[in-house]
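Engineer: First, the structure itself, so that you have it in front of you.
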Amino acid sequence: MNRARLILLSGPALILTAFLAMISPFAGAHAQDKGTLDARPLPPLAHPDDLNNAARDVFGRKQAPIQMPPQVIGFYAKGCIAGAQPLPLNGATWQVMRLSRNRYYGHPELIALLERLSVKAQKAGWPGLLVGDMSQPRGGPMLTGHASHQVGLDADIWLTPMPNYQLSRTEREDMSAVMMVRPDRLDIDPRVWTPQHLNVIRAAATEPQVERIFVNAAIKKALCREAKGERSWLSKVRPMYGHDYHFHIRIKCPAGSTTCESQPPPPEGEGCSTDDLAYWFSDAVLHPRPPVTPPKPRPPITLAQMPPECRQIALAP
Ligand SMILES: [Zn+2]
């Protein structure tokens, strides 16, 4: 039925949509008022309905979700979402960071998971979640950062405990997360790593809905060394580039979603052996040498290359 509703957007409605997008590319801009110190909307696209536009330029300008039953379309790294919801900016056990990015949207199942997890983590000794990037209001590719986070099923959680007061708007933009990796990149930094860091990651990884967790390899190594008792959750925790300050939660496709493209489950086993981690601690990864000839930057994916439903979601007012 969700799909049927989307298809209804084609034909005359789509033409109207494209027209509205031309005269008012920032329709729905009020959503950003709730969190921006210095609201500076991007300049409108010259031809907002042109399917040859980079998808990130179109999705990156959308300030509000599509109001309809939630529907995930496509893959974590190539897709979009209708009916996304914002994570409330403040909860008793979480606070949203970097509000100016407007990336605190997700599928209702992700919102519910984060709320539940924040309580569970607090019981495990972690004061509360500082939530970084989730998805844009309609998902899709972003103008900066992240290949994934496109379908409302990914969330970055700072590896910095929540302070015991409500952060100001300025602090949410300016405060830095803590670097968890030792300067030689071979292990965590023992000056900042605590047992509660393991607790919050384990609390996330033991949620059945969670598909994968991404962390820096040094953090994975520390988890492997320190996890006591039941350890099967370690298989979900995968080393990844760029997760020195935060960990990344990815949940499964919502049950019954036919347009959400799922990912094979992670390989079995804890992923803790020297062999498992060898690649991440190889010289090539720890000390990457710049290539002799820099590779040509790949052209960004266009709206035409996105799943058809995502084109409609991007073009709707
Ligand atoms: Zn991430």
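The way I read the labels, and the way they are meant: chains A, B, ... in the order of the structure tokens, residue 1 as the first residue of every chain, and ligand 1 as the first ligand shown, with later ones counted on from there.
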Please build the interface table for chain A against ligand 1 with a cut-off of 7 Å, listing for each qualifying residue the nearest atom pair and the distance in Å to one decimal; count only C-alpha atoms and all ligand atoms, order rows by chain and increasing number, and write it as JSON lines.

Structural biologist:
{"residue": "A:His146", "atom": "CA", "partner": "ligand 1", "partner_atom_place_in_ligand_line": "1 (Zn)", "distance": 7.0}
{"residue": "A:Ala155", "atom": "CA", "partner": "ligand 1", "partner_atom_place_in_ligand_line": "1 (Zn)", "distance": 6.8}
{"residue": "A:Asp156", "atom": "CA", "partner": "ligand 1", "partner_atom_place_in_ligand_line": "1 (Zn)", "distance": 5.1}
{"residue": "A:Phe214", "atom": "CA", "partner": "ligand 1", "partner_atom_place_in_ligand_line": "1 (Zn)", "distance": 6.7}
{"residue": "A:His243", "atom": "CA", "partner": "ligand 1", "partner_atom_place_in_ligand_line": "1 (Zn)", "distance": 6.4}
{"residue": "A:Phe247", "atom": "CA", "partner": "ligand 1", "partner_atom_place_in_ligand_line": "1 (Zn)", "distance": 6.3}
{"residue": "A:His248", "atom": "CA", "partner": "ligand 1", "partner_atom_place_in_ligand_line": "1 (Zn)", "distance": 4.4}

Engineer: Assign secondary structure with DSSP using the backbone only, and return the residues of stretch 77-124 of chain A in helix (DSSP H, G or I) as an MDAnalysis selection string.

Structural biologist: chainID A and resid 99:101 108:123

Engineer: Suppose we keep C-alpha atoms; can you now write the selection as a PDB file, in the first residue's frame?

Structural biologist:
ATOM      1  CA  LEU A  99      21.522  20.159  14.890  1.00  0.00           C
ATOM      2  CA  SER A 100      22.500  22.467  12.041  1.00  0.00           C
ATOM      3  CA  ARG A 101      23.141  19.430   9.847  1.00  0.00           C
ATOM      4  CA  PRO A 108      10.386   4.933  13.408  1.00  0.00           C
ATOM      5  CA  GLU A 109      12.031   1.606  14.270  1.00  0.00           C
ATOM      6  CA  LEU A 110      15.409   3.350  14.513  1.00  0.00           C
ATOM      7  CA  ILE A 111      13.938   6.131  16.649  1.00  0.00           C
ATOM      8  CA  ALA A 112      12.384   3.550  18.980  1.00  0.00           C
ATOM      9  CA  LEU A 113      15.610   1.576  19.138  1.00  0.00           C
ATOM     10  CA  LEU A 114      17.692   4.632  20.088  1.00  0.00           C
ATOM     11  CA  GLU A 115      15.251   5.625  22.796  1.00  0.00           C
ATOM     12  CA  ARG A 116      15.224   2.093  24.220  1.00  0.00           C
ATOM     13  CA  LEU A 117      18.988   1.723  23.913  1.00  0.00           C
ATOM     14  CA  SER A 118      19.655   5.002  25.713  1.00  0.00           C
ATOM     15  CA  VAL A 119      17.795   3.685  28.778  1.00  0.00           C
ATOM     16  CA  LYS A 120      19.484   0.295  28.582  1.00  0.00           C
ATOM     17  CA  ALA A 121      22.912   1.914  28.243  1.00  0.00           C
ATOM     18  CA  GLN A 122      22.283   4.121  31.241  1.00  0.00           C
ATOM     19  CA  LYS A 123      21.470   1.044  33.316  1.00  0.00           C
TER      20      LYS A 123
END

Engineer: Using only C-alpha atoms, pick whichever of A:Arg40, A:Arg311, A:Arg225, A:Arg238 has the shortest atom-to-atom distance to A:Pro195.

Structural biologist: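 Smallest distance to A:Pro195 is found for A:Arg225.
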
Engineer: For A:Tyr279, please output as a list in words all residues within 10 Å (counting only C-alpha atoms; exclusion window: fewer than 6 positions along the same chain).

Structural biologist: Ala217, Val285 and Leu286 of chain A

Engineer: May I ask which of the residues A:Met142, A:Ile157, A:Leu315, A:Met180 is the closest one to A:Met97, counting only C-alpha atoms?

Structural biologist: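 Closest to A:Met97 of all the choices is A:Ile157.
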
Engineer: Might you pull out every residue within 12 Å of A:Glu268, with only C-alpha atoms counted and same-chain residues fewer than 2 positions away left off, and present them as number ranges by chain?

Structural biologist: A: 231-238, 264-266, 270-272, 276

Engineer: Applying 9 Å and only C-alpha atoms, which residues near A:Pro163 remain after dropping the ones on its own chain fewer than 2 positions away? List them as a list of chain:residue names.

Structural biologist: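 That gives A:Pro127, A:Gly128, A:Leu130, A:Thr160, A:Pro161, A:Tyr165, A:Gln166, A:Leu167.
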
Engineer: Nearest to A:His287: which of A:Arg191, A:Arg138, A:Arg169, A:Arg185 is it, counting only C-alpha atoms?

Structural biologist: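 For A:His287, the nearest of the given residues is A:Arg185.
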
Engineer: Do you have, as a Markdown table, the list of residues of stretch 144-178 of chain A lying at most 12 Å from stretch 45-58 of chain A, each with its nearest atom pair and that distance in Å to one decimal, counting only C-alpha atoms and ordered by chain then number?

Structural biologist:
| residue | atom | partner | partner_atom | distance |
| --- | --- | --- | --- | --- |
| A:Thr144 | CA | A:Arg56 | CA | 8.8 |
| A:Gly145 | CA | A:Arg56 | CA | 10.9 |
| A:His146 | CA | A:Arg56 | CA | 11.2 |
| A:Ala147 | CA | A:Arg56 | CA | 10.7 |
| A:Gln150 | CA | A:Arg56 | CA | 10.2 |

Engineer: Write a file of the just-selected residues containing N, CA and C atoms, as an mmCIF file, in the first residue's frame.

Structural biologist:
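Once everything was written out, this is selection-v5.cif:
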data_model
loop_
_atom_site.group_PDB
_atom_site.id
_atom_site.type_symbol
_atom_site.label_atom_id
_atom_site.label_comp_id
_atom_site.auth_asym_id
_atom_site.auth_seq_id
_atom_site.Cartn_x
_atom_site.Cartn_y
_atom_site.Cartn_z
ATOM 1 N N THR A 144 27.994 16.197 2.386
ATOM 2 C CA THR A 144 29.263 15.972 3.083
ATOM 3 C C THR A 144 29.182 14.675 3.869
ATOM 4 N N GLY A 145 30.317 13.950 3.883
ATOM 5 C CA GLY A 145 30.423 12.764 4.726
ATOM 6 C C GLY A 145 29.529 11.618 4.296
ATOM 7 N N HIS A 146 29.789 10.449 4.856
ATOM 8 C CA HIS A 146 28.889 9.285 4.787
ATOM 9 C C HIS A 146 28.541 8.782 3.377
ATOM 10 N N ALA A 147 28.961 7.562 3.092
ATOM 11 C CA ALA A 147 28.425 6.883 1.922
ATOM 12 C C ALA A 147 27.074 6.276 2.268
ATOM 13 N N GLN A 150 21.652 6.472 4.246
ATOM 14 C CA GLN A 150 20.728 7.005 3.230
ATOM 15 C C GLN A 150 19.277 6.568 3.428
#

Engineer: Which one of A:Gln305, A:Gln71, A:Ser257, A:Gln136 sits closest to A:Leu87 if you count only C-alpha atoms?

Structural biologist: A:Gln136

Engineer: Would you kindly return, as a PyMOL selection string, each protein, DNA or RNA residue with an atom no farther than 7 Å from any atom of A:Lys252, considering only C-alpha atoms and excluding same-chain residues fewer than 2 positions away?

Structural biologist: chain A and resi 209-211+250+254+262

Engineer: For A:Thr259, which residue out of A:Ala218, A:Leu89, A:Val200, A:Ile73 is the nearest one, using only C-alpha atoms?

Structural biologist: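 Among the listed residues, the smallest separation from A:Thr259 belongs to A:Ile73.
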
Engineer: In Å, rounded to a single decimal, give me how far atom CA of A:Gln63 is from atom CA of A:Ala92.

Structural biologist: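 Distance reported for this atom pair: 26.1 Å.
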
Engineer: Take atom CA of A:Ile301 and atom CA of A:His107 and report the distance between them in Å, one decimal.

Structural biologist: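 Straight-line distance from atom CA of A:Ile301 to atom CA of A:His107 works out to 23.1 Å.
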
Engineer: Have a look at A:Met179, A:Ala205, A:Ile249, A:Ile81 and name the one nearest to A:Glu309; count only C-alpha atoms.

Structural biologist: A:Ile81

Engineer: Atom CA of A:Gln312 and atom CA of A:Gln263 are how many Å apart?

Structural biologist: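 Between atom CA of A:Gln312 and atom CA of A:Gln263 the gap works out to 24.3 Å.
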
Engineer: Hey, what does DSSP flag as strand (DSSP E or B) within stretch 48-228 of chain A? Can you give it to me as a count of residues only?

Structural biologist: 38
